[in-house]
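Engineer: Supplied structure: query-v9.cif, mmCIF, C-alpha atoms.
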```cif
data_upload
loop_
_atom_site.label_atom_id
_atom_site.label_comp_id
_atom_site.auth_asym_id
_atom_site.auth_seq_id
_atom_site.Cartn_x
_atom_site.Cartn_y
_atom_site.Cartn_z
CA MET O 1 17.02 -15.31 23.40
CA THR O 2 16.72 -12.40 20.98
CA ARG O 3 14.39 -9.75 22.31
CA THR O 4 11.55 -8.79 20.01
CA THR O 5 12.64 -5.97 17.72
CA ALA O 6 10.90 -2.66 18.43
CA ILE O 7 8.21 -1.70 15.94
CA LYS O 8 5.90 1.30 15.77
CA TYR O 9 2.57 1.55 13.95
CA THR O 10 1.08 4.96 13.15
CA GLN O 11 -2.37 5.42 11.64
CA LEU O 12 -2.23 8.23 9.08
CA PRO O 13 -5.10 10.57 8.14
CA ALA O 14 -7.06 9.41 5.08
CA SER O 15 -5.70 12.37 3.11
CA GLU O 16 -2.16 10.94 3.33
CA TYR O 17 -2.62 7.63 1.51
CA SER O 18 -4.33 6.35 -1.63
CA GLN O 19 -5.45 2.80 -0.81
CA GLN O 20 -8.32 1.65 1.41
CA THR O 21 -7.80 -2.10 1.03
CA LEU O 22 -6.96 -3.14 4.60
CA GLY O 23 -10.10 -2.04 6.41
CA ASP O 24 -9.38 -0.19 9.65
CA ASN O 25 -5.65 -0.87 9.17
CA SER O 26 -5.42 0.99 5.87
CA GLY O 27 -2.92 3.84 5.96
CA THR O 28 -0.64 2.35 8.61
CA ARG O 29 2.93 3.65 8.68
CA ILE O 30 5.36 1.05 9.99
CA GLU O 31 8.72 1.89 11.59
CA THR O 32 11.47 -0.37 12.87
CA ASP O 33 15.03 0.43 13.89
CA GLN O 34 16.24 1.39 10.41
CA ILE O 35 13.24 0.91 8.11
CA LEU O 36 10.22 3.14 7.56
CA LEU O 37 7.29 1.96 5.42
CA VAL O 38 5.00 4.81 4.34
CA PRO O 39 1.65 4.06 2.63
CA ILE O 40 1.66 5.32 -0.94
CA LEU O 41 -0.04 8.61 -1.81
CA LEU O 42 0.00 8.48 -5.61
CA GLU O 43 0.63 12.10 -6.57
CA ARG O 44 3.23 12.59 -3.84
CA ASP O 45 5.13 9.33 -4.13
CA ALA O 46 5.05 8.31 -7.80
CA PRO O 47 7.63 10.94 -8.88
CA LEU O 48 9.84 10.18 -5.87
CA LEU O 49 9.80 6.44 -6.58
CA TRP O 50 10.46 7.08 -10.27
CA ASN O 51 13.65 8.95 -9.39
CA VAL O 52 14.86 5.91 -7.45
CA TYR O 53 13.86 3.45 -10.18
CA LYS O 54 14.44 5.22 -13.52
CA ASN O 55 18.11 4.35 -14.00
CA HIS O 56 17.57 0.69 -13.11
CA PRO O 57 14.71 -0.67 -15.27
CA GLY O 58 16.04 -4.22 -14.86
CA LEU O 59 14.57 -4.20 -11.35
CA PHE O 60 11.21 -5.04 -12.99
CA ASP O 61 12.47 -7.82 -15.28
CA HIS O 62 10.64 -10.58 -13.39
CA MET O 63 7.45 -8.63 -12.70
CA PRO O 64 4.36 -9.35 -14.84
CA HIS O 65 4.22 -5.79 -16.25
CA GLY O 66 7.92 -5.78 -17.14
CA PRO O 67 10.28 -2.78 -17.07
CA MET O 68 8.87 0.77 -17.18
CA LEU O 69 10.89 2.93 -19.58
CA SER O 70 9.10 6.27 -19.10
CA TYR O 71 7.60 8.17 -16.21
CA LYS O 72 4.20 8.01 -17.92
CA ALA O 73 4.30 4.20 -17.97
CA PHE O 74 5.60 4.09 -14.39
CA TYR O 75 2.91 6.46 -13.15
CA GLU O 76 0.14 4.55 -14.92
CA MET O 77 1.37 1.31 -13.36
CA GLN O 78 1.37 2.89 -9.89
CA ALA O 79 -2.11 4.32 -10.54
CA ARG O 80 -3.44 0.86 -11.47
CA LEU O 81 -2.01 -0.57 -8.26
CA CYS O 82 -3.55 2.21 -6.19
CA ALA O 83 -6.94 1.57 -7.82
CA SER O 84 -6.80 -2.18 -7.16
CA ASN O 85 -9.08 -3.58 -4.47
CA ASP O 86 -6.60 -6.24 -3.31
CA PHE O 87 -3.32 -4.32 -3.19
CA SER O 88 -1.58 -2.13 -0.59
CA ASN O 89 1.70 -0.41 -1.41
CA TRP O 90 4.34 1.20 0.82
CA ALA O 91 7.33 3.38 -0.04
CA CYS O 92 10.38 2.07 1.81
CA TYR O 93 12.89 4.35 3.53
CA VAL O 94 16.14 3.40 5.26
CA SER O 95 18.29 5.25 7.79
CA GLU O 96 21.50 4.83 9.70
CA PRO O 97 21.15 3.25 13.16
CA PRO O 98 19.75 5.64 15.79
CA LYS O 99 22.43 7.58 17.66
CA ASP O 100 22.90 7.48 21.41
CA GLY O 101 22.33 11.21 21.57
CA GLY O 102 18.78 10.81 20.32
CA GLU O 103 19.40 12.54 16.99
CA GLN O 104 16.48 12.45 14.58
CA LYS O 105 16.73 9.75 11.93
CA GLN O 106 17.42 10.84 8.37
CA TRP O 107 15.27 8.71 6.07
CA VAL O 108 16.28 7.94 2.47
CA LEU O 109 13.81 6.50 -0.04
CA CYS O 110 15.17 3.20 -1.41
CA GLY O 111 12.26 1.29 -3.00
CA SER O 112 8.84 -0.21 -2.46
CA ILE O 113 7.14 -3.25 -0.89
CA CYS O 114 3.52 -4.36 -1.02
CA LEU O 115 0.77 -6.58 0.27
CA LEU O 116 -1.29 -8.06 -2.57
CA ASP O 117 -3.88 -10.78 -3.15
CA ILE O 118 -5.54 -9.37 -0.02
CA VAL O 119 -8.44 -11.52 1.21
CA LEU O 120 -9.60 -9.98 4.48
CA PRO O 121 -12.37 -12.51 5.33
CA PHE O 122 -9.83 -15.35 5.27
CA ARG O 123 -6.96 -13.19 6.60
CA ARG O 124 -4.78 -14.21 3.67
CA PHE O 125 -2.11 -11.91 2.19
CA GLU O 126 0.94 -11.92 -0.01
CA VAL O 127 4.19 -9.98 0.39
CA GLY O 128 5.38 -9.05 -3.08
CA SER O 129 6.04 -6.50 -5.85
CA ILE O 130 9.26 -5.76 -3.98
CA TRP O 131 12.01 -3.68 -5.51
CA PHE O 132 14.94 -1.80 -4.03
CA HIS O 133 17.64 0.45 -5.41
CA PRO O 134 20.80 -1.59 -6.22
CA ALA O 135 22.72 0.41 -3.61
CA VAL O 136 20.94 -1.47 -0.82
CA HIS O 137 21.10 -4.93 -2.39
CA GLY O 138 23.04 -7.27 -0.13
CA THR O 139 22.39 -5.15 2.96
CA PHE O 140 19.80 -5.77 5.70
CA VAL O 141 17.15 -3.67 3.93
CA MET O 142 15.18 -6.43 2.20
CA LEU O 143 15.20 -8.57 5.35
CA GLU O 144 14.09 -5.80 7.71
CA ALA O 145 11.48 -4.34 5.35
CA THR O 146 9.90 -7.76 4.82
CA TYR O 147 10.12 -8.43 8.56
CA ALA O 148 8.24 -5.18 9.23
CA LEU O 149 5.46 -6.13 6.83
CA LEU O 150 5.24 -9.66 8.24
CA ARG O 151 4.98 -8.27 11.80
CA PHE O 152 2.21 -5.94 10.63
CA SER O 153 0.40 -8.79 8.86
CA PHE O 154 0.46 -11.17 11.82
CA GLU O 155 0.03 -8.58 14.61
CA ARG O 156 -2.37 -6.04 13.16
CA LEU O 157 -4.10 -7.92 10.34
CA GLN O 158 -4.15 -11.21 12.30
CA ALA O 159 -3.04 -13.04 9.17
CA GLY O 160 -3.45 -16.79 9.12
CA ARG O 161 -1.35 -17.14 5.97
CA VAL O 162 1.13 -14.88 4.20
CA GLN O 163 2.43 -16.08 0.87
CA TRP O 164 5.34 -15.25 -1.41
CA LYS O 165 5.41 -16.13 -5.07
CA THR O 166 8.14 -15.78 -7.64
CA HIS O 167 9.00 -16.28 -11.32
CA HIS O 168 10.60 -19.65 -12.00
CA ARG O 169 13.65 -17.83 -13.39
CA ASN O 170 14.03 -15.48 -10.40
CA ILE O 171 16.54 -17.50 -8.41
CA ALA O 172 17.35 -14.58 -6.08
CA SER O 173 13.70 -14.28 -5.02
CA GLN O 174 13.46 -18.04 -4.44
CA LYS O 175 16.52 -17.92 -2.19
CA ALA O 176 15.12 -14.88 -0.37
CA ALA O 177 11.84 -16.69 0.35
CA VAL O 178 13.68 -19.55 2.05
CA LYS O 179 15.95 -17.18 3.97
CA LEU O 180 12.95 -15.23 5.24
CA GLY O 181 11.38 -18.43 6.58
CA PHE O 182 8.74 -19.23 3.95
CA ASP O 183 8.00 -22.86 3.07
CA LEU O 184 7.74 -23.99 -0.55
CA ASP O 185 4.16 -25.01 -1.38
CA GLY O 186 4.81 -25.97 -5.00
CA LEU O 187 5.16 -24.86 -8.62
CA HIS O 188 2.14 -23.55 -10.54
CA ARG O 189 2.92 -24.19 -14.20
CA LYS O 190 1.90 -21.56 -16.78
CA GLN O 191 0.39 -19.50 -13.97
CA MET O 192 0.43 -16.19 -15.88
CA ILE O 193 1.58 -14.49 -19.09
CA HIS O 194 4.07 -11.65 -18.79
CA ALA O 195 3.90 -8.37 -20.68
CA ASP O 196 6.41 -9.72 -23.22
CA GLY O 197 4.07 -12.59 -24.05
CA THR O 198 6.03 -15.36 -22.33
CA TRP O 199 4.53 -17.93 -19.98
CA ARG O 200 5.57 -17.76 -16.36
CA ASN O 201 5.72 -20.74 -14.05
CA THR O 202 5.33 -19.51 -10.47
CA TYR O 203 6.75 -20.91 -7.26
CA TYR O 204 4.43 -20.43 -4.27
CA TYR O 205 5.77 -20.16 -0.72
CA SER O 206 3.86 -19.56 2.51
CA MET O 207 4.14 -18.86 6.21
CA THR O 208 1.35 -19.24 8.77
CA ASP O 209 0.69 -17.55 12.07
CA ASP O 210 1.70 -20.82 13.74
CA ASP O 211 5.05 -20.75 11.89
CA TRP O 212 5.58 -17.12 12.90
CA LEU O 213 4.99 -17.79 16.59
CA GLY O 214 6.60 -21.24 16.66
CA ARG O 215 3.62 -23.11 18.06
CA GLU O 216 1.61 -26.20 17.23
CA GLU O 217 -0.78 -25.85 14.30
CA THR O 218 -4.11 -24.33 15.34
CA THR O 219 -7.51 -24.99 13.81
CA ASP O 220 -9.60 -22.16 15.29
CA GLY O 221 -9.80 -19.42 12.66
CA ARG O 222 -11.84 -16.95 14.69
CA ARG O 223 -10.45 -13.50 15.36
CA GLY O 224 -9.10 -12.44 18.73
CA LEU O 225 -5.58 -13.84 18.84
CA ASP O 226 -3.30 -11.27 20.46
CA VAL O 227 0.01 -12.02 18.78
CA VAL O 228 1.83 -9.25 20.64
CA ALA O 229 0.69 -10.51 24.05
CA ALA O 230 1.62 -14.08 23.16
CA SER O 231 5.10 -13.03 22.10
CA ARG O 232 5.65 -10.94 25.24
CA ALA O 233 4.41 -13.75 27.47
CA MET O 234 7.00 -16.08 25.97
CA GLU O 235 9.73 -13.49 26.55
CA GLN O 236 8.70 -12.91 30.16
CA ALA O 237 8.64 -16.65 30.80
CA GLY O 238 12.14 -16.97 29.36
CA VAL O 239 10.94 -19.36 26.68
CA ALA O 240 13.18 -19.42 23.60
CA SER O 241 10.82 -19.15 20.65
CA GLN O 242 11.51 -21.37 17.67
CA GLY O 243 9.19 -19.23 15.54
CA ARG O 244 10.09 -17.61 12.26
CA GLN O 245 9.87 -14.15 13.85
CA ASN O 246 12.69 -14.95 16.25
CA ARG O 247 14.82 -16.57 13.56
CA LEU O 248 14.35 -13.62 11.22
CA GLU O 249 15.28 -11.13 13.96
CA GLU O 250 18.49 -13.05 14.57
CA LEU O 251 19.25 -13.09 10.85
CA ILE O 252 18.78 -9.31 10.59
CA VAL O 253 21.16 -8.73 13.51
CA LYS O 254 23.74 -10.97 11.86
CA ARG O 255 23.36 -9.25 8.47
CA LYS O 256 23.87 -5.83 10.04
CA LYS O 257 27.07 -7.02 11.69
CA GLU O 258 28.52 -9.08 8.86
CA GLY O 259 26.76 -8.04 5.64
CA LYS O 260 27.30 -5.27 3.13
CA PRO O 261 27.24 -1.83 4.83
CA LEU O 262 25.05 1.05 3.68
CA GLN O 263 26.65 3.33 1.09
CA ASP O 264 28.00 6.74 2.06
CA SER O 265 25.11 8.44 0.20
CA ILE O 266 22.70 6.86 2.66
CA VAL O 267 24.92 7.55 5.64
CA ARG O 268 24.86 11.23 4.65
CA ALA O 269 21.09 11.08 4.08
CA GLY O 270 21.46 11.73 0.37
CA CYS O 271 19.16 10.55 -2.41
CA LEU O 272 19.39 7.38 -4.49
CA GLU O 273 19.18 7.55 -8.27
#
```
Output the file's structure as structure tokens, nothing else.
Structural biologist:
Amino acid sequence: MTRTTAIKYTQLPASEYSQQTLGDNSGTRIETDQILLVPILLERDAPLLWNVYKNHPGLFDHMPHGPMLSYKAFYEMQARLCASNDFSNWACYVSEPPKDGGEQKQWVLCGSICLLDIVLPFRRFEVGSIWFHPAVHGTFVMLEATYALLRFSFERLQAGRVQWKTHHRNIASQKAAVKLGFDLDGLHRKQMIHADGTWRNTYYYSMTDDDWLGREETTDGRRGLDVVAASRAMEQAGVASQGRQNRLEELIVKRKKEGKPLQDSIVRAGCLE
């Protein structure tokens, strides 16, 4: 059985993040083995993210707002997201694996990942608005960053449902949803109009807390489920979980062994442009 991947949550001071959309869990920094998710602080992070994005506008081709061709447009888009009442945005950093000697990790900014369509009373969220520098495409980064946000959603936010939605033309995102363990709910035809005026049909995928833990479907929606304790109890009992968390952890381990390695610029803790 794969042991649960280590994860660390750190609550940041209110002065270090821009969005207050997750109640008491707003401003949570999330760290796994090689991924660090830092809540966005607009004035600090917008120029840093622009430097990662600016030479690769095609990264936004399938997003409703379309590509951003100037820093002004990029900043205004980030400002709108930060002002939204149902959106929470993290800057994503990657590092080499930790060394045996306990050397400090060198983090390199590589993109962004978000929770959106946040409905706290129903504990419903969406993982989306994801983009990463092309240098990390095909590596473990997308898998581990999404895993970190799913862990946070189910453990800290006590999510009942996390969804994923994608443009009908975005085949890569549809494949990623399935690989991550989301189930296809269906196609919403003409669900939105993109910035270029074209209709978008949207595929909806979802994962529930029951899927994540690998248990029978529950009907009690009251708060109080301790996901961490439940997961540890299964480990201590030697029960092999069939949950999506366990499957995703195994997939990440496999991708790190067999997938595309990180580029030398990341190994040397350089910057991505």
Engineer: Would you mind listing what lies within 8 Å of region 199-209 of chain O as a list in words, with only C-alpha atoms counted and same-chain residues fewer than 5 positions away left out?
Structural biologist: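 Those residues are Phe154, Gln158, Ala159, Gly160, Arg161, Val162, Gln163, Trp164, Lys165, Thr166, His167, His168, Gln174, Ala177, Gly181, Phe182, Asp183, Leu184, Asp185, Gly186, Leu187, His188, Arg189, Lys190, Gln191, Met192, Ile193 and His194 of chain O.
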Engineer: Using only the atoms of region 84-96 of chain O listed in the file, plus 4 Å on each side, state the axis-aligned box centre and edge lengths in Å rounded to one decimal, as lines of an AutoDock Vina configuration file.
Structural biologist:
```
center_x = 6.2
center_y = -0.5
center_z = 1.3
size_x = 38.6
size_y = 19.5
size_z = 24.9
```
Engineer: Which residues fall under the PyMOL selection byres ((chain O and resi 136) around 12) in this file, as a PDB file with C-alpha atoms, in the frame of the given file?
Structural biologist:
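selection.pdb was written with the following content:
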```pdb
ATOM      1  CA  VAL O  52      14.860   5.910  -7.450  1.00  0.00           C
ATOM      2  CA  CYS O  92      10.380   2.070   1.810  1.00  0.00           C
ATOM      3  CA  TYR O  93      12.890   4.350   3.530  1.00  0.00           C
ATOM      4  CA  VAL O  94      16.140   3.400   5.260  1.00  0.00           C
ATOM      5  CA  SER O  95      18.290   5.250   7.790  1.00  0.00           C
ATOM      6  CA  VAL O 108      16.280   7.940   2.470  1.00  0.00           C
ATOM      7  CA  LEU O 109      13.810   6.500  -0.040  1.00  0.00           C
ATOM      8  CA  CYS O 110      15.170   3.200  -1.410  1.00  0.00           C
ATOM      9  CA  GLY O 111      12.260   1.290  -3.000  1.00  0.00           C
ATOM     10  CA  TRP O 131      12.010  -3.680  -5.510  1.00  0.00           C
ATOM     11  CA  PHE O 132      14.940  -1.800  -4.030  1.00  0.00           C
ATOM     12  CA  HIS O 133      17.640   0.450  -5.410  1.00  0.00           C
ATOM     13  CA  PRO O 134      20.800  -1.590  -6.220  1.00  0.00           C
ATOM     14  CA  ALA O 135      22.720   0.410  -3.610  1.00  0.00           C
ATOM     15  CA  HIS O 137      21.100  -4.930  -2.390  1.00  0.00           C
ATOM     16  CA  GLY O 138      23.040  -7.270  -0.130  1.00  0.00           C
ATOM     17  CA  THR O 139      22.390  -5.150   2.960  1.00  0.00           C
ATOM     18  CA  PHE O 140      19.800  -5.770   5.700  1.00  0.00           C
ATOM     19  CA  VAL O 141      17.150  -3.670   3.930  1.00  0.00           C
ATOM     20  CA  MET O 142      15.180  -6.430   2.200  1.00  0.00           C
ATOM     21  CA  LEU O 143      15.200  -8.570   5.350  1.00  0.00           C
ATOM     22  CA  GLU O 144      14.090  -5.800   7.710  1.00  0.00           C
ATOM     23  CA  ALA O 145      11.480  -4.340   5.350  1.00  0.00           C
ATOM     24  CA  GLY O 259      26.760  -8.040   5.640  1.00  0.00           C
ATOM     25  CA  LYS O 260      27.300  -5.270   3.130  1.00  0.00           C
ATOM     26  CA  PRO O 261      27.240  -1.830   4.830  1.00  0.00           C
ATOM     27  CA  LEU O 262      25.050   1.050   3.680  1.00  0.00           C
ATOM     28  CA  GLN O 263      26.650   3.330   1.090  1.00  0.00           C
ATOM     29  CA  ASP O 264      28.000   6.740   2.060  1.00  0.00           C
ATOM     30  CA  SER O 265      25.110   8.440   0.200  1.00  0.00           C
ATOM     31  CA  ILE O 266      22.700   6.860   2.660  1.00  0.00           C
ATOM     32  CA  VAL O 267      24.920   7.550   5.640  1.00  0.00           C
ATOM     33  CA  LEU O 272      19.390   7.380  -4.490  1.00  0.00           C
ATOM     34  CA  GLU O 273      19.180   7.550  -8.270  1.00  0.00           C
TER      35      GLU O 273
END
```
Engineer: Pick out the closest residue to Ile130 (chain O) from this set: O:Asp61, O:Asp86, O:Glu96, O:Glu103. Count all atoms listed in the file.
Structural biologist: O:Asp61
Engineer: Ranking O:Gln106, O:Ile171, O:Leu120, O:Gly128 by minimum distance to Asp24 (chain O) and counting only C-alpha atoms, which one comes first?
Structural biologist: O:Leu120
Engineer: May I have the residues within 10 Å of Thr21 (chain O) as a list in words, using all atoms listed in the file and disregarding those fewer than 6 positions away in the same chain?
Structural biologist: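 Near Thr21 (chain O), the qualifying residues are Gly27, Cys82, Ala83, Ser84, Asn85, Asp86, Phe87, Ser88, Asn89, Leu115, Leu116, Ile118, Val119 and Leu120 of chain O.
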Engineer: Could those residues be written to a file, using C-alpha atoms, as a PDB file, in the coordinates of the input?
Structural biologist:
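Below is the file that was written, selection-v5.pdb:
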```pdb
ATOM      1  CA  GLY O  27      -2.920   3.840   5.960  1.00  0.00           C
ATOM      2  CA  CYS O  82      -3.550   2.210  -6.190  1.00  0.00           C
ATOM      3  CA  ALA O  83      -6.940   1.570  -7.820  1.00  0.00           C
ATOM      4  CA  SER O  84      -6.800  -2.180  -7.160  1.00  0.00           C
ATOM      5  CA  ASN O  85      -9.080  -3.580  -4.470  1.00  0.00           C
ATOM      6  CA  ASP O  86      -6.600  -6.240  -3.310  1.00  0.00           C
ATOM      7  CA  PHE O  87      -3.320  -4.320  -3.190  1.00  0.00           C
ATOM      8  CA  SER O  88      -1.580  -2.130  -0.590  1.00  0.00           C
ATOM      9  CA  ASN O  89       1.700  -0.410  -1.410  1.00  0.00           C
ATOM     10  CA  LEU O 115       0.770  -6.580   0.270  1.00  0.00           C
ATOM     11  CA  LEU O 116      -1.290  -8.060  -2.570  1.00  0.00           C
ATOM     12  CA  ILE O 118      -5.540  -9.370  -0.020  1.00  0.00           C
ATOM     13  CA  VAL O 119      -8.440 -11.520   1.210  1.00  0.00           C
ATOM     14  CA  LEU O 120      -9.600  -9.980   4.480  1.00  0.00           C
TER      15      LEU O 120
END
```
Engineer: Would you list the residues near (10.4, 2.3, 8.2) (no more than 8 Å away, in the coordinates of the file, using all atoms listed in the file) as a count of residues only?
Structural biologist: 15
Engineer: Name every residue that the PyMOL selection byres ((chain O and resi 56) around 10) selects in this structure, writing the answer as a PDB file with C-alpha atoms, keeping the file's coordinate frame with chains first and numbers rising.
Structural biologist:
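Below you can see selection.pdb, which holds the result:
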```
ATOM      1  CA  TRP O  50      10.460   7.080 -10.270  1.00  0.00           C
ATOM      2  CA  ASN O  51      13.650   8.950  -9.390  1.00  0.00           C
ATOM      3  CA  VAL O  52      14.860   5.910  -7.450  1.00  0.00           C
ATOM      4  CA  TYR O  53      13.860   3.450 -10.180  1.00  0.00           C
ATOM      5  CA  LYS O  54      14.440   5.220 -13.520  1.00  0.00           C
ATOM      6  CA  ASN O  55      18.110   4.350 -14.000  1.00  0.00           C
ATOM      7  CA  PRO O  57      14.710  -0.670 -15.270  1.00  0.00           C
ATOM      8  CA  GLY O  58      16.040  -4.220 -14.860  1.00  0.00           C
ATOM      9  CA  LEU O  59      14.570  -4.200 -11.350  1.00  0.00           C
ATOM     10  CA  PHE O  60      11.210  -5.040 -12.990  1.00  0.00           C
ATOM     11  CA  PRO O  67      10.280  -2.780 -17.070  1.00  0.00           C
ATOM     12  CA  MET O  68       8.870   0.770 -17.180  1.00  0.00           C
ATOM     13  CA  LEU O  69      10.890   2.930 -19.580  1.00  0.00           C
ATOM     14  CA  PHE O 132      14.940  -1.800  -4.030  1.00  0.00           C
ATOM     15  CA  HIS O 133      17.640   0.450  -5.410  1.00  0.00           C
ATOM     16  CA  PRO O 134      20.800  -1.590  -6.220  1.00  0.00           C
ATOM     17  CA  GLU O 273      19.180   7.550  -8.270  1.00  0.00           C
TER      18      GLU O 273
END
```
Engineer: Wanna dump the region 75-95 of chain O-region 41-48 of chain O contacts at 10 Å for me, each residue with its shortest atom pair and the distance in Å to one decimal, counting all atoms listed in the file, ordered by chain and number, as a Markdown table?
Structural biologist:
```
| residue | atom | partner | partner_atom | distance |
| --- | --- | --- | --- | --- |
| O:Tyr75 | CA | O:Ala46 | CA | 6.1 |
| O:Glu76 | CA | O:Ala46 | CA | 9.4 |
| O:Met77 | CA | O:Ala46 | CA | 9.7 |
| O:Gln78 | CA | O:Ala46 | CA | 6.9 |
| O:Ala79 | CA | O:Leu42 | CA | 6.8 |
| O:Leu81 | CA | O:Leu42 | CA | 9.6 |
| O:Cys82 | CA | O:Leu42 | CA | 7.2 |
| O:Asn89 | CA | O:Leu41 | CA | 9.2 |
| O:Trp90 | CA | O:Leu41 | CA | 9.0 |
| O:Ala91 | CA | O:Asp45 | CA | 7.5 |
```
Engineer: Take the residues that were just selected and, keeping C-alpha atoms, output them as a PDB file, in the frame of the given file.
Structural biologist:
```pdb
ATOM      1  CA  TYR O  75       2.910   6.460 -13.150  1.00  0.00           C
ATOM      2  CA  GLU O  76       0.140   4.550 -14.920  1.00  0.00           C
ATOM      3  CA  MET O  77       1.370   1.310 -13.360  1.00  0.00           C
ATOM      4  CA  GLN O  78       1.370   2.890  -9.890  1.00  0.00           C
ATOM      5  CA  ALA O  79      -2.110   4.320 -10.540  1.00  0.00           C
ATOM      6  CA  LEU O  81      -2.010  -0.570  -8.260  1.00  0.00           C
ATOM      7  CA  CYS O  82      -3.550   2.210  -6.190  1.00  0.00           C
ATOM      8  CA  ASN O  89       1.700  -0.410  -1.410  1.00  0.00           C
ATOM      9  CA  TRP O  90       4.340   1.200   0.820  1.00  0.00           C
ATOM     10  CA  ALA O  91       7.330   3.380  -0.040  1.00  0.00           C
TER      11      ALA O  91
END
```
Engineer: Determine the nearest neighbour of Ile252 (chain O) from the options O:Thr10, O:Thr146, O:Ser112, O:Thr218, counting only C-alpha atoms.
Structural biologist: O:Thr146
Engineer: State, in Å with one decimal place, the distance from CA of Arg156 (chain O) to CA of Val178 (chain O).
Structural biologist: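 Between CA of Arg156 (chain O) and CA of Val178 (chain O) the gap works out to 23.7 Å.
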Engineer: So how far away is CA of Phe122 (chain O) from CA of Lys175 (chain O), in Å?
Structural biologist: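 Separation between CA of Lys175 (chain O) and CA of Phe122 (chain O): 27.5 Å.
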Engineer: Compare O:Lys257, O:Pro121, O:Ala195, O:Leu149 by their minimum atom-to-atom distance to Gly221 (chain O), counting only C-alpha atoms, and give me the closest one.
Structural biologist: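 Using only C-alpha atoms, the shortest distance to Gly221 (chain O) belongs to O:Pro121.
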Engineer: So how far away is CA of Phe152 (chain O) from CA of Gly243 (chain O), in Å?
Structural biologist: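 Result for CA of Gly243 (chain O) versus CA of Phe152 (chain O): 15.8 Å, one decimal.
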Engineer: Here's the selection I'm unsure about, the PyMOL selection byres ((chain O and resi 15) around 12); applied to the file above, which residues does it give, as a ChimeraX atom specification?
Structural biologist: /O:11-14,16-20,26-27,39-44
